[in-house]
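Note: the block below is target17.cif and it holds mmCIF, C-alpha atoms.
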data_run
#
loop_
_atom_site.label_atom_id
_atom_site.label_comp_id
_atom_site.auth_asym_id
_atom_site.auth_seq_id
_atom_site.Cartn_x
_atom_site.Cartn_y
_atom_site.Cartn_z
CA MET A 1 0.00 0.00 0.00
CA PRO A 2 1.47 3.45 -0.92
CA VAL A 3 2.54 5.73 1.90
CA VAL A 4 1.99 9.51 1.94
CA ARG A 5 4.41 11.54 4.02
CA LEU A 6 3.37 14.93 5.35
CA ARG A 7 5.29 17.61 7.22
CA GLY A 8 4.65 20.78 9.17
CA PRO A 9 1.06 22.03 9.35
CA LEU A 10 -0.14 19.31 6.98
CA ARG A 11 1.10 16.65 9.34
CA GLN A 12 -0.65 18.35 12.26
CA LEU A 13 -3.91 18.71 10.35
CA ALA A 14 -3.81 15.07 9.35
CA GLY A 15 -4.09 13.75 12.88
CA ASP A 16 -0.55 14.76 13.84
CA CYS A 17 0.64 11.81 11.81
CA SER A 18 3.49 12.07 9.32
CA GLU A 19 2.92 8.81 7.42
CA HIS A 20 -0.38 7.63 5.99
CA ARG A 21 -0.76 4.23 4.32
CA ILE A 22 -3.66 4.54 1.90
CA ASP A 23 -4.94 2.45 -0.93
CA GLY A 24 -5.53 4.29 -4.19
CA GLY A 25 -4.68 4.35 -7.86
CA SER A 26 -3.30 7.88 -8.17
CA VAL A 27 -1.77 10.63 -6.10
CA GLY A 28 -5.06 12.54 -6.36
CA ASP A 29 -6.96 9.56 -4.95
CA LEU A 30 -4.69 9.46 -1.92
CA LEU A 31 -4.90 13.20 -1.26
CA LEU A 32 -8.69 13.08 -1.41
CA ALA A 33 -8.67 10.13 0.97
CA ILE A 34 -6.58 12.12 3.44
CA GLU A 35 -9.10 14.99 3.26
CA ARG A 36 -11.97 12.60 3.87
CA THR A 37 -10.29 11.00 6.85
CA HIS A 38 -9.03 14.27 8.29
CA PRO A 39 -11.53 17.07 7.50
CA GLY A 40 -9.22 19.62 9.12
CA ALA A 41 -6.88 19.18 6.17
CA LYS A 42 -9.60 19.94 3.63
CA GLY A 43 -8.62 22.83 1.42
CA TRP A 44 -4.97 22.87 2.44
CA ILE A 45 -3.51 20.59 -0.26
CA LEU A 46 -6.31 20.60 -2.84
CA ASP A 47 -8.49 23.63 -3.48
CA GLU A 48 -12.29 23.45 -3.77
CA ARG A 49 -11.97 22.42 -7.40
CA GLY A 50 -9.96 19.43 -6.29
CA VAL A 51 -6.85 20.90 -7.90
CA LEU A 52 -3.46 20.60 -6.22
CA ARG A 53 -2.53 24.03 -4.88
CA ARG A 54 -0.03 25.84 -7.07
CA HIS A 55 2.76 25.96 -4.52
CA ILE A 56 2.42 22.43 -3.20
CA ASN A 57 4.78 19.89 -4.72
CA VAL A 58 4.32 16.15 -4.83
CA PHE A 59 7.20 13.71 -5.21
CA VAL A 60 6.76 10.01 -5.89
CA ASN A 61 9.79 7.96 -4.88
CA GLY A 62 11.84 11.16 -5.01
CA GLU A 63 10.71 12.17 -8.51
CA ARG A 64 8.38 15.10 -9.22
CA GLY A 65 4.82 13.86 -9.65
CA GLY A 66 1.31 15.26 -10.00
CA GLN A 67 -2.26 14.49 -9.11
CA ASP A 68 -2.60 12.08 -12.00
CA THR A 69 0.54 10.12 -11.27
CA GLN A 70 -0.38 6.45 -11.05
CA LEU A 71 0.90 4.54 -8.08
CA ALA A 72 2.24 1.10 -7.31
CA ALA A 73 1.83 -0.69 -4.01
CA GLU A 74 5.13 0.29 -2.43
CA ASP A 75 5.36 3.87 -3.70
CA GLN A 76 6.32 6.64 -1.33
CA ILE A 77 4.68 10.06 -1.81
CA ASP A 78 6.05 13.25 -0.26
CA VAL A 79 3.82 16.36 -0.10
CA LEU A 80 5.88 19.51 0.37
CA PRO A 81 5.41 23.26 0.11
CA ALA A 82 7.30 24.54 -2.94
CA ILE A 83 10.23 26.89 -2.53
CA SER A 84 8.55 29.21 -5.05
CA GLY A 85 5.69 29.90 -2.63
CA GLY A 86 7.62 32.38 -0.58
CA GLU A 87 7.95 35.16 -3.12
CA ARG A 88 6.01 37.71 -1.07
CA MET B 1 -6.10 51.82 25.80
CA THR B 2 -6.49 51.34 22.06
CA GLU B 3 -5.70 48.10 20.26
CA LEU B 4 -4.62 48.05 16.64
CA LEU B 5 -4.72 44.86 14.60
CA VAL B 6 -2.21 45.40 11.83
CA GLY B 7 -2.30 42.91 9.00
CA THR B 8 1.07 42.74 7.30
CA LYS B 9 2.79 40.75 4.59
CA LYS B 10 4.53 38.84 7.34
CA GLY B 11 1.95 38.18 9.96
CA LEU B 12 -0.49 39.89 12.27
CA ILE B 13 0.94 42.54 14.58
CA VAL B 14 -1.09 43.61 17.61
CA LEU B 15 -0.26 47.10 18.90
CA GLU B 16 -1.54 48.70 22.08
CA GLY B 17 -1.21 52.24 23.37
CA GLU B 18 -2.87 55.48 24.26
CA PRO B 19 -4.12 57.79 21.50
CA GLY B 20 -1.42 60.25 20.56
CA SER B 21 1.39 58.11 21.96
CA ARG B 22 3.69 55.46 20.55
CA PHE B 23 2.22 51.97 20.71
CA ASP B 24 3.88 48.72 21.78
CA ILE B 25 3.70 45.35 20.07
CA THR B 26 1.82 43.00 22.38
CA ALA B 27 1.40 39.99 20.08
CA ARG B 28 2.39 38.62 16.70
CA ALA B 29 0.53 35.79 14.99
CA PHE B 30 0.89 33.90 11.71
CA PRO B 31 4.58 34.76 11.35
CA GLY B 32 5.67 34.83 7.72
CA GLU B 33 2.13 34.62 6.37
CA PRO B 34 0.32 37.48 4.64
CA VAL B 35 -2.52 38.60 6.91
CA GLU B 36 -4.85 40.46 4.61
CA TYR B 37 -7.24 41.74 7.24
CA ALA B 38 -8.00 41.32 10.91
CA MET B 39 -10.67 42.79 13.13
CA ARG B 40 -11.96 42.36 16.66
CA ASP B 41 -15.72 41.83 16.68
CA PRO B 42 -17.01 44.32 19.26
CA ARG B 43 -19.95 42.03 20.12
CA SER B 44 -18.05 38.86 20.93
CA GLY B 45 -14.58 40.23 21.56
CA ARG B 46 -13.15 37.63 19.21
CA ILE B 47 -10.47 38.49 16.69
CA LEU B 48 -11.05 37.28 13.13
CA ALA B 49 -8.15 37.25 10.70
CA SER B 50 -7.86 36.35 7.04
CA VAL B 51 -4.58 34.73 6.10
CA THR B 52 -3.45 33.98 2.57
CA SER B 53 -0.82 31.32 2.74
CA PRO B 54 1.06 31.20 -0.55
CA PHE B 55 1.18 27.44 -0.06
CA TYR B 56 -2.11 26.43 1.52
CA GLY B 57 -4.53 29.07 0.19
CA PRO B 58 -6.81 31.58 1.91
CA LYS B 59 -8.12 30.79 5.37
CA LEU B 60 -10.02 32.68 8.07
CA PHE B 61 -9.17 32.10 11.70
CA SER B 62 -10.61 33.39 14.97
CA THR B 63 -9.46 33.56 18.57
CA ASP B 64 -10.05 35.22 21.92
CA ASN B 65 -6.31 35.58 22.46
CA PRO B 66 -4.01 36.46 19.55
CA SER B 67 -1.08 34.84 21.35
CA GLY B 68 -3.03 31.62 21.84
CA ASP B 69 -4.69 29.07 19.60
CA TRP B 70 -6.71 30.06 16.54
CA ASP B 71 -9.73 28.21 15.16
CA GLN B 72 -10.14 27.85 11.40
CA ALA B 73 -13.51 28.89 10.04
CA GLU B 74 -15.41 26.49 7.82
CA GLY B 75 -17.27 27.08 4.59
CA LEU B 76 -15.04 29.71 2.98
CA ALA B 77 -14.83 28.02 -0.40
CA LEU B 78 -16.46 28.34 -3.79
CA PRO B 79 -18.91 25.70 -4.98
CA PRO B 80 -17.11 22.42 -5.65
CA GLY B 81 -16.91 21.31 -9.22
CA GLY B 82 -16.62 24.83 -10.59
CA ASP B 83 -13.72 26.31 -12.49
CA ALA B 84 -12.71 28.88 -9.84
CA ALA B 85 -11.14 28.73 -6.40
CA LEU B 86 -11.18 31.30 -3.63
CA GLU B 87 -8.01 33.35 -3.99
CA ARG B 88 -8.09 35.74 -1.05
CA ILE B 89 -10.34 37.05 1.72
CA TRP B 90 -10.10 40.82 1.59
CA VAL B 91 -12.32 42.03 4.38
CA ILE B 92 -14.35 40.87 7.40
CA VAL B 93 -17.28 42.97 8.66
CA PRO B 94 -19.71 42.48 11.57
CA GLY B 95 -23.32 42.34 10.44
CA GLU B 96 -26.30 44.07 11.98
CA GLU B 97 -27.74 40.94 13.59
CA GLU B 98 -26.16 39.23 16.55
CA GLY B 99 -23.65 36.68 15.33
CA THR B 100 -23.71 37.79 11.71
CA VAL B 101 -20.34 38.32 10.09
CA TYR B 102 -19.60 38.99 6.43
CA ALA B 103 -16.43 38.18 4.54
CA GLY B 104 -15.58 39.47 1.09
CA GLY B 105 -13.19 37.67 -1.19
CA ASP B 106 -11.69 37.20 -4.62
CA PRO B 107 -13.27 36.34 -7.09
CA GLY B 108 -16.11 38.67 -6.15
CA ALA B 109 -17.46 36.36 -3.47
CA LEU B 110 -19.53 37.33 -0.42
CA PHE B 111 -19.79 34.94 2.52
CA GLU B 112 -22.11 35.20 5.51
CA SER B 113 -21.76 33.68 8.96
CA ARG B 114 -24.59 33.43 11.49
CA ASP B 115 -22.42 32.07 14.31
CA GLY B 116 -19.87 34.80 14.82
CA GLY B 117 -17.45 33.59 12.18
CA ALA B 118 -17.14 29.89 12.96
CA THR B 119 -18.90 28.79 9.77
CA PHE B 120 -19.71 30.69 6.56
CA GLU B 121 -21.96 30.22 3.56
CA LEU B 122 -21.51 31.67 0.09
CA ASN B 123 -24.10 34.26 -0.90
CA ARG B 124 -25.59 32.60 -3.97
CA GLY B 125 -27.52 35.65 -5.11
CA LEU B 126 -24.34 37.55 -5.84
CA TRP B 127 -22.44 34.48 -7.01
CA ASP B 128 -25.12 33.74 -9.59
CA GLU B 129 -25.53 37.39 -10.68
CA PRO B 130 -26.18 37.23 -14.43
CA THR B 131 -23.59 39.91 -15.27
CA ARG B 132 -20.79 38.02 -13.53
CA PRO B 133 -19.24 36.78 -16.80
CA ARG B 134 -18.58 40.45 -17.66
CA TRP B 135 -16.87 41.25 -14.35
CA GLN B 136 -13.19 42.10 -14.72
CA PRO B 137 -10.52 41.67 -12.06
CA GLY B 138 -8.42 44.66 -11.09
CA ALA B 139 -4.71 44.45 -10.40
CA GLY B 140 -5.42 42.82 -7.06
CA GLY B 141 -7.86 40.31 -8.48
CA LEU B 142 -11.65 40.39 -8.54
CA CYS B 143 -11.74 41.59 -4.99
CA LEU B 144 -14.86 42.18 -2.94
CA HIS B 145 -13.27 44.60 -0.50
CA SER B 146 -16.02 46.79 0.93
CA ILE B 147 -19.17 45.70 2.77
CA ALA B 148 -21.32 48.55 4.11
CA THR B 149 -24.12 47.40 6.38
CA TRP B 150 -27.16 49.59 7.04
CA PRO B 151 -27.37 50.44 10.75
CA GLY B 152 -30.38 48.69 12.25
CA ASP B 153 -31.50 47.00 9.03
CA PRO B 154 -29.88 43.63 8.30
CA ASP B 155 -31.66 43.33 4.95
CA ARG B 156 -29.77 46.19 3.32
CA LEU B 157 -26.17 45.97 2.20
CA ALA B 158 -23.93 47.85 -0.18
CA ILE B 159 -20.78 46.14 -1.40
CA ALA B 160 -17.99 47.13 -3.74
CA ILE B 161 -15.93 44.97 -6.06
CA SER B 162 -12.85 45.87 -8.03
CA ALA B 163 -13.54 46.04 -10.88
CA ALA B 164 -17.25 45.22 -10.91
CA GLY B 165 -18.60 48.35 -9.23
CA ILE B 166 -21.20 48.82 -6.52
CA TRP B 167 -23.87 46.23 -5.74
CA LEU B 168 -26.91 46.80 -3.55
CA THR B 169 -29.45 44.52 -1.90
CA ASP B 170 -32.61 45.22 0.09
CA ASP B 171 -33.49 41.58 0.76
CA ARG B 172 -30.43 40.37 2.60
CA GLY B 173 -28.61 39.25 -0.47
CA GLU B 174 -31.34 37.32 -2.24
CA THR B 175 -31.20 39.74 -5.17
CA TRP B 176 -28.69 42.41 -6.17
CA ARG B 177 -28.70 45.46 -8.40
CA SER B 178 -25.81 47.62 -9.53
CA GLY B 179 -25.47 51.18 -8.28
CA ASN B 180 -23.08 52.91 -10.61
CA GLU B 181 -24.95 55.86 -12.12
CA GLY B 182 -22.78 58.95 -12.29
CA ILE B 183 -19.44 57.19 -11.99
CA VAL B 184 -17.03 58.13 -14.75
CA ALA B 185 -14.14 55.76 -15.43
CA ARG B 186 -11.31 57.43 -17.32
CA TYR B 187 -10.00 54.02 -18.36
CA LEU B 188 -13.19 53.35 -20.39
CA PRO B 189 -14.27 55.01 -23.66
CA GLU B 190 -16.48 58.07 -23.19
CA ASP B 191 -19.37 56.43 -25.03
CA THR B 192 -19.34 53.33 -22.83
CA SER B 193 -22.80 52.00 -22.06
CA GLY B 194 -24.38 52.95 -18.77
CA GLU B 195 -24.79 49.23 -18.17
CA GLU B 196 -21.02 48.78 -17.95
CA VAL B 197 -20.02 47.30 -14.60
CA ALA B 198 -16.22 47.18 -15.08
CA LEU B 199 -15.82 49.91 -12.49
CA CYS B 200 -12.81 49.90 -10.20
CA VAL B 201 -14.11 51.00 -6.83
CA HIS B 202 -11.30 51.21 -4.29
CA ARG B 203 -13.20 51.77 -1.04
CA LEU B 204 -16.76 52.34 0.13
CA ARG B 205 -17.97 53.71 3.47
CA ARG B 206 -21.45 54.52 4.79
CA ALA B 207 -22.32 57.50 6.99
CA ALA B 208 -23.66 55.80 10.11
CA ARG B 209 -26.16 58.48 11.09
CA GLN B 210 -27.41 59.15 7.59
CA PRO B 211 -27.20 55.69 6.07
CA GLU B 212 -28.50 56.65 2.66
CA ARG B 213 -25.22 58.55 2.29
CA LEU B 214 -22.14 56.70 1.07
CA PHE B 215 -18.64 57.87 0.23
CA MET B 216 -16.45 56.16 -2.35
CA GLN B 217 -12.80 56.32 -3.32
CA PHE B 218 -12.69 55.32 -6.97
CA HIS B 219 -9.83 54.48 -9.32
CA GLY B 220 -9.63 58.15 -10.27
CA GLY B 221 -12.42 59.98 -8.48
CA VAL B 222 -13.96 60.47 -5.06
CA TYR B 223 -17.74 60.22 -4.99
CA ARG B 224 -20.71 60.71 -2.67
CA SER B 225 -24.14 59.15 -2.94
CA ASP B 226 -27.16 60.57 -1.11
CA ASP B 227 -29.61 57.94 -2.33
CA ALA B 228 -28.18 54.76 -0.85
CA GLY B 229 -25.81 54.11 -3.73
CA ARG B 230 -28.13 54.50 -6.71
CA THR B 231 -26.42 57.63 -8.08
CA TRP B 232 -23.05 59.23 -7.44
CA ASN B 233 -21.58 62.74 -7.54
CA ASP B 234 -17.90 63.51 -7.94
CA ILE B 235 -16.55 65.39 -4.93
CA ALA B 236 -12.82 65.24 -5.70
CA ALA B 237 -12.39 68.96 -6.47
CA GLY B 238 -9.87 70.40 -4.03
CA LEU B 239 -7.82 67.23 -3.59
CA PRO B 240 -4.24 67.09 -4.93
CA SER B 241 -5.18 63.84 -6.67
CA ASP B 242 -8.41 61.90 -7.05
CA PHE B 243 -6.55 58.59 -6.91
CA GLY B 244 -6.13 56.69 -3.67
CA PHE B 245 -7.35 53.70 -1.73
CA PRO B 246 -8.43 54.14 1.91
CA LEU B 247 -11.40 56.12 3.11
CA ALA B 248 -12.69 56.74 6.64
CA VAL B 249 -15.63 58.61 8.11
CA ASP B 250 -16.52 60.13 11.47
CA PRO B 251 -19.61 58.17 12.58
CA ALA B 252 -20.94 61.27 14.36
CA ASP B 253 -20.88 63.46 11.27
CA PRO B 254 -22.53 62.33 8.03
CA ASP B 255 -20.79 65.19 6.20
CA SER B 256 -17.34 63.86 7.09
CA ALA B 257 -14.86 61.79 5.14
CA TYR B 258 -11.11 61.26 5.16
CA VAL B 259 -8.99 60.16 2.21
CA ILE B 260 -5.27 59.74 1.56
CA PRO B 261 -4.58 60.82 -2.03
CA LEU B 262 -1.83 59.14 -4.01
CA ASN B 263 -0.32 60.62 -7.15
CA ALA B 264 -1.97 58.42 -9.79
CA ASP B 265 -2.54 54.83 -10.76
CA ILE B 266 0.88 54.76 -12.43
CA ASP B 267 2.57 56.38 -9.40
CA ARG B 268 0.92 55.17 -6.22
CA VAL B 269 2.75 57.31 -3.66
CA THR B 270 1.89 60.37 -1.58
CA PRO B 271 2.04 63.53 -3.75
CA GLU B 272 4.95 65.96 -3.54
CA GLY B 273 6.78 63.73 -1.10
CA ARG B 274 4.39 64.77 1.69
CA VAL B 275 2.04 62.58 3.68
CA ARG B 276 -1.33 64.19 4.20
CA VAL B 277 -4.78 63.00 5.09
CA TYR B 278 -7.54 65.11 3.54
CA GLU B 279 -10.70 65.79 5.52
CA THR B 280 -14.07 67.10 4.46
CA ARG B 281 -16.74 68.27 6.91
CA ASP B 282 -19.15 69.52 4.28
CA ALA B 283 -19.81 66.31 2.37
CA GLY B 284 -17.06 66.96 -0.16
CA GLU B 285 -17.68 70.60 -0.99
CA SER B 286 -14.20 71.34 0.32
CA TRP B 287 -11.17 69.42 1.56
CA THR B 288 -8.62 70.36 4.23
CA PRO B 289 -5.15 68.80 4.39
CA ARG B 290 -4.32 67.26 7.75
CA GLY B 291 -0.60 66.69 7.99
CA ASP B 292 0.47 68.08 11.34
CA GLY B 293 2.91 65.49 12.63
CA LEU B 294 3.08 63.45 9.42
CA PRO B 295 6.23 63.27 7.25
CA ALA B 296 6.33 66.56 5.35
CA GLU B 297 9.22 66.04 2.94
CA GLN B 298 10.98 63.28 1.02
CA ALA B 299 8.20 60.87 1.99
CA TYR B 300 6.74 58.71 -0.78
CA LEU B 301 4.43 56.30 0.98
CA THR B 302 1.84 53.87 -0.36
CA VAL B 303 -1.25 53.28 1.77
CA LEU B 304 -3.41 50.33 0.76
CA ARG B 305 -7.21 50.19 0.77
CA GLU B 306 -7.75 48.39 4.10
CA ALA B 307 -4.93 50.17 5.88
CA MET B 308 -6.94 52.98 7.50
CA ALA B 309 -9.30 52.72 10.45
CA GLY B 310 -11.21 54.91 12.84
CA LEU B 311 -12.34 54.45 16.43
CA GLY B 312 -14.84 56.54 18.35
CA GLU B 313 -16.38 59.69 16.96
CA GLY B 314 -16.53 63.45 17.09
CA PRO B 315 -13.56 65.50 18.31
CA ALA B 316 -12.09 62.41 19.99
CA LEU B 317 -12.24 60.31 16.82
CA GLU B 318 -9.08 58.24 16.57
CA LEU B 319 -7.67 57.63 13.11
CA TYR B 320 -4.89 55.24 12.17
CA PHE B 321 -3.24 54.26 8.91
CA GLY B 322 -0.30 52.11 7.90
CA ALA B 323 1.96 52.22 4.88
CA THR B 324 3.75 49.59 2.87
CA SER B 325 6.94 51.12 4.32
CA GLY B 326 5.98 49.50 7.64
CA ALA B 327 5.09 52.73 9.44
CA VAL B 328 1.78 53.21 11.26
CA PHE B 329 0.50 56.70 12.05
CA GLY B 330 -2.26 57.77 14.40
CA SER B 331 -4.34 60.72 15.48
CA GLY B 332 -6.34 61.02 18.69
CA ASP B 333 -8.08 64.26 17.74
CA ALA B 334 -9.96 63.54 14.53
CA GLY B 335 -6.96 64.19 12.32
CA ALA B 336 -5.89 67.58 13.71
CA THR B 337 -2.52 66.19 14.82
CA TRP B 338 -0.67 62.99 14.03
CA SER B 339 2.24 60.97 15.29
CA GLU B 340 4.01 57.76 14.35
CA VAL B 341 2.44 54.94 16.33
CA HIS B 342 5.00 52.36 15.26
CA SER B 343 7.66 51.91 12.62
CA HIS B 344 9.76 49.18 11.04
CA LEU B 345 6.91 46.72 10.59
CA PRO B 346 6.51 44.55 7.49
CA PRO B 347 4.48 46.15 4.68
CA VAL B 348 1.08 47.04 6.14
CA LEU B 349 -1.94 45.54 4.38
CA SER B 350 -4.68 46.48 6.85
CA VAL B 351 -5.41 48.30 10.10
CA ASP B 352 -8.34 47.85 12.49
CA ALA B 353 -8.81 49.75 15.75
CA SER B 354 -10.76 48.74 18.85
#

Please express the file's structure as structure tokens.
Amino acid sequence: MPVVRLRGPLRQLAGDCSEHRIDGGSVGDLLLAIERTHPGAKGWILDERGVLRRHINVFVNGERGGQDTQLAAEDQIDVLPAISGGER
Amino acid sequence: MTELLVGTKKGLIVLEGEPGSRFDITARAFPGEPVEYAMRDPRSGRILASVTSPFYGPKLFSTDNPSGDWDQAEGLALPPGGDAALERIWVIVPGEEEGTVYAGGDPGALFESRDGGATFELNRGLWDEPTRPRWQPGAGGLCLHSIATWPGDPDRLAIAISAAGIWLTDDRGETWRSGNEGIVARYLPEDTSGEEVALCVHRLRRAARQPERLFMQFHGGVYRSDDAGRTWNDIAAGLPSDFGFPLAVDPADPDSAYVIPLNADIDRVTPEGRVRVYETRDAGESWTPRGDGLPAEQAYLTVLREAMAGLGEGPALELYFGATSGAVFGSGDAGATWSEVHSHLPPVLSVDAS
């Protein structure tokens, strides 16, 4: 089962847990599952359209991924704020 | 003791002090995050703050203690499945009924809370307004930045959107009508239709004791309405510039308004290197510069639309404004004299006084 790793406020909002083992076919499926399980995280990673926020990056096994990236059972997904978000 | 909630590009700064004196920082919250607007609801005593994380999107939080824990409000989102997302929450305003709070956001979205700001619902009447496809965002987005309640009547609201003009409701937001007659936009052709709504209102304030009167700072123009926002008259004659953002009123005097002119839309700084607030006490017939105590030379400040607030009324009216330079200025005598309340803050986005 893929594992999603969260840091900082996302970890806190997701039950103060940094690793989440979730079944799902794509990165987007897993992020939606996290929102469903932890309503406090709703709107922080995906906006109300269900689109990954512009300055949130997703890495799958260390490689840049996206919402549509398909996953295998042992994949490791990191959700991180992008360095570009701090321009202001 | 007066409390100022100063929203800055790098967090919320809470200042406390006596009118006319220098204030001290008593709290800082949301370090590093842009705090667009914060206000203390005089009914509940709770502070509500809108925060636009560049990473995690716009959120609204509330607390009794700015140094303590904050609770995130629910419901501040656009309808799921659409093609737009909420970009920013520009302003938070107490309503006329107990527990009612309004929040205005980009893209032209009005939210209403009935529980003091814990949960919000999108106003569908405005969201579904048939002219919405013709609304145009200004440089700051399609921002709903001004919400003017009608004292004692929760059914009546006037709101302003940049750049979609003035919108009025008499049925608590079920239906809306535009209120733009008399506004002249220099950035539109002279023969533009009177139905045009691409009007860049910068700030709207209602005269509390004569609520059919409204004052407006426009993108090139200062206007007054005496018929609850249906028609507008230009009252900018006598100002060094008709461009600017903030606007304040003395609640005791329906003929009063304060503006801070900036040079022009292409040069958004105080004219002639002098910082002056302009006051009218005759409903815009004449304007008087109020600069005693403000920087009088080599001072090119930018003051944003939410960055001016008043507290009290009459001769003891307190006025405060902050600049993107990080300076906050205050007056404890209705603008007659000024002093620097605090300096060296991050760029100031908003000021609220309580």

inquiry  = Evaluate the PyMOL selection byres ((chain B) within 10 of (chain A)) against this structure - the residues, as a list of chain:residue names, please.
reply    =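 Those residues are B:Lys9, B:Lys10, B:Gly32, B:Glu33, B:Pro34, B:Ser53, B:Pro54, B:Phe55, B:Tyr56, B:Gly57, B:Pro58, B:Lys59, B:Gln72, B:Glu74, B:Leu76, B:Ala77, B:Leu78, B:Pro79, B:Pro80, B:Gly81, B:Gly82, B:Asp83, B:Ala84, B:Ala85, B:Leu86, B:Glu87.
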
Handout entry: Between CA of Val351 (chain B) and CA of Phe111 (chain B) - distance in Å to one decimal
Key =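 One can read the CA of Phe111 (chain B) to CA of Val351 (chain B) distance as 21.0 Å.
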
For this session: Determine the residue membership of the PyMOL selection byres ((chain B and resi 50) around 6) for the file above and supply it as a PyMOL selection string.
Result: chain B and resi 35-37+49+51+59-60+89

Residues picked by the PyMOL selection byres ((chain B and resi 105) around 9) here, as a ChimeraX atom specification?
-> /B:86-91,103-104,106-111,142-145

Test item: axis-aligned box, all listed atoms of region 40-54 of chain A, 5 Å on each side, centre and edges in Å rounded to one decimal, as AutoDock Vina command-line options:
--center_x -6.2 --center_y 22.5 --center_z 0.6 --size_x 22.3 --size_y 16.7 --size_z 27.0

Students should find that CA of Gln217 (chain B) and CA of Val101 (chain B) are spaced 23.7 Å
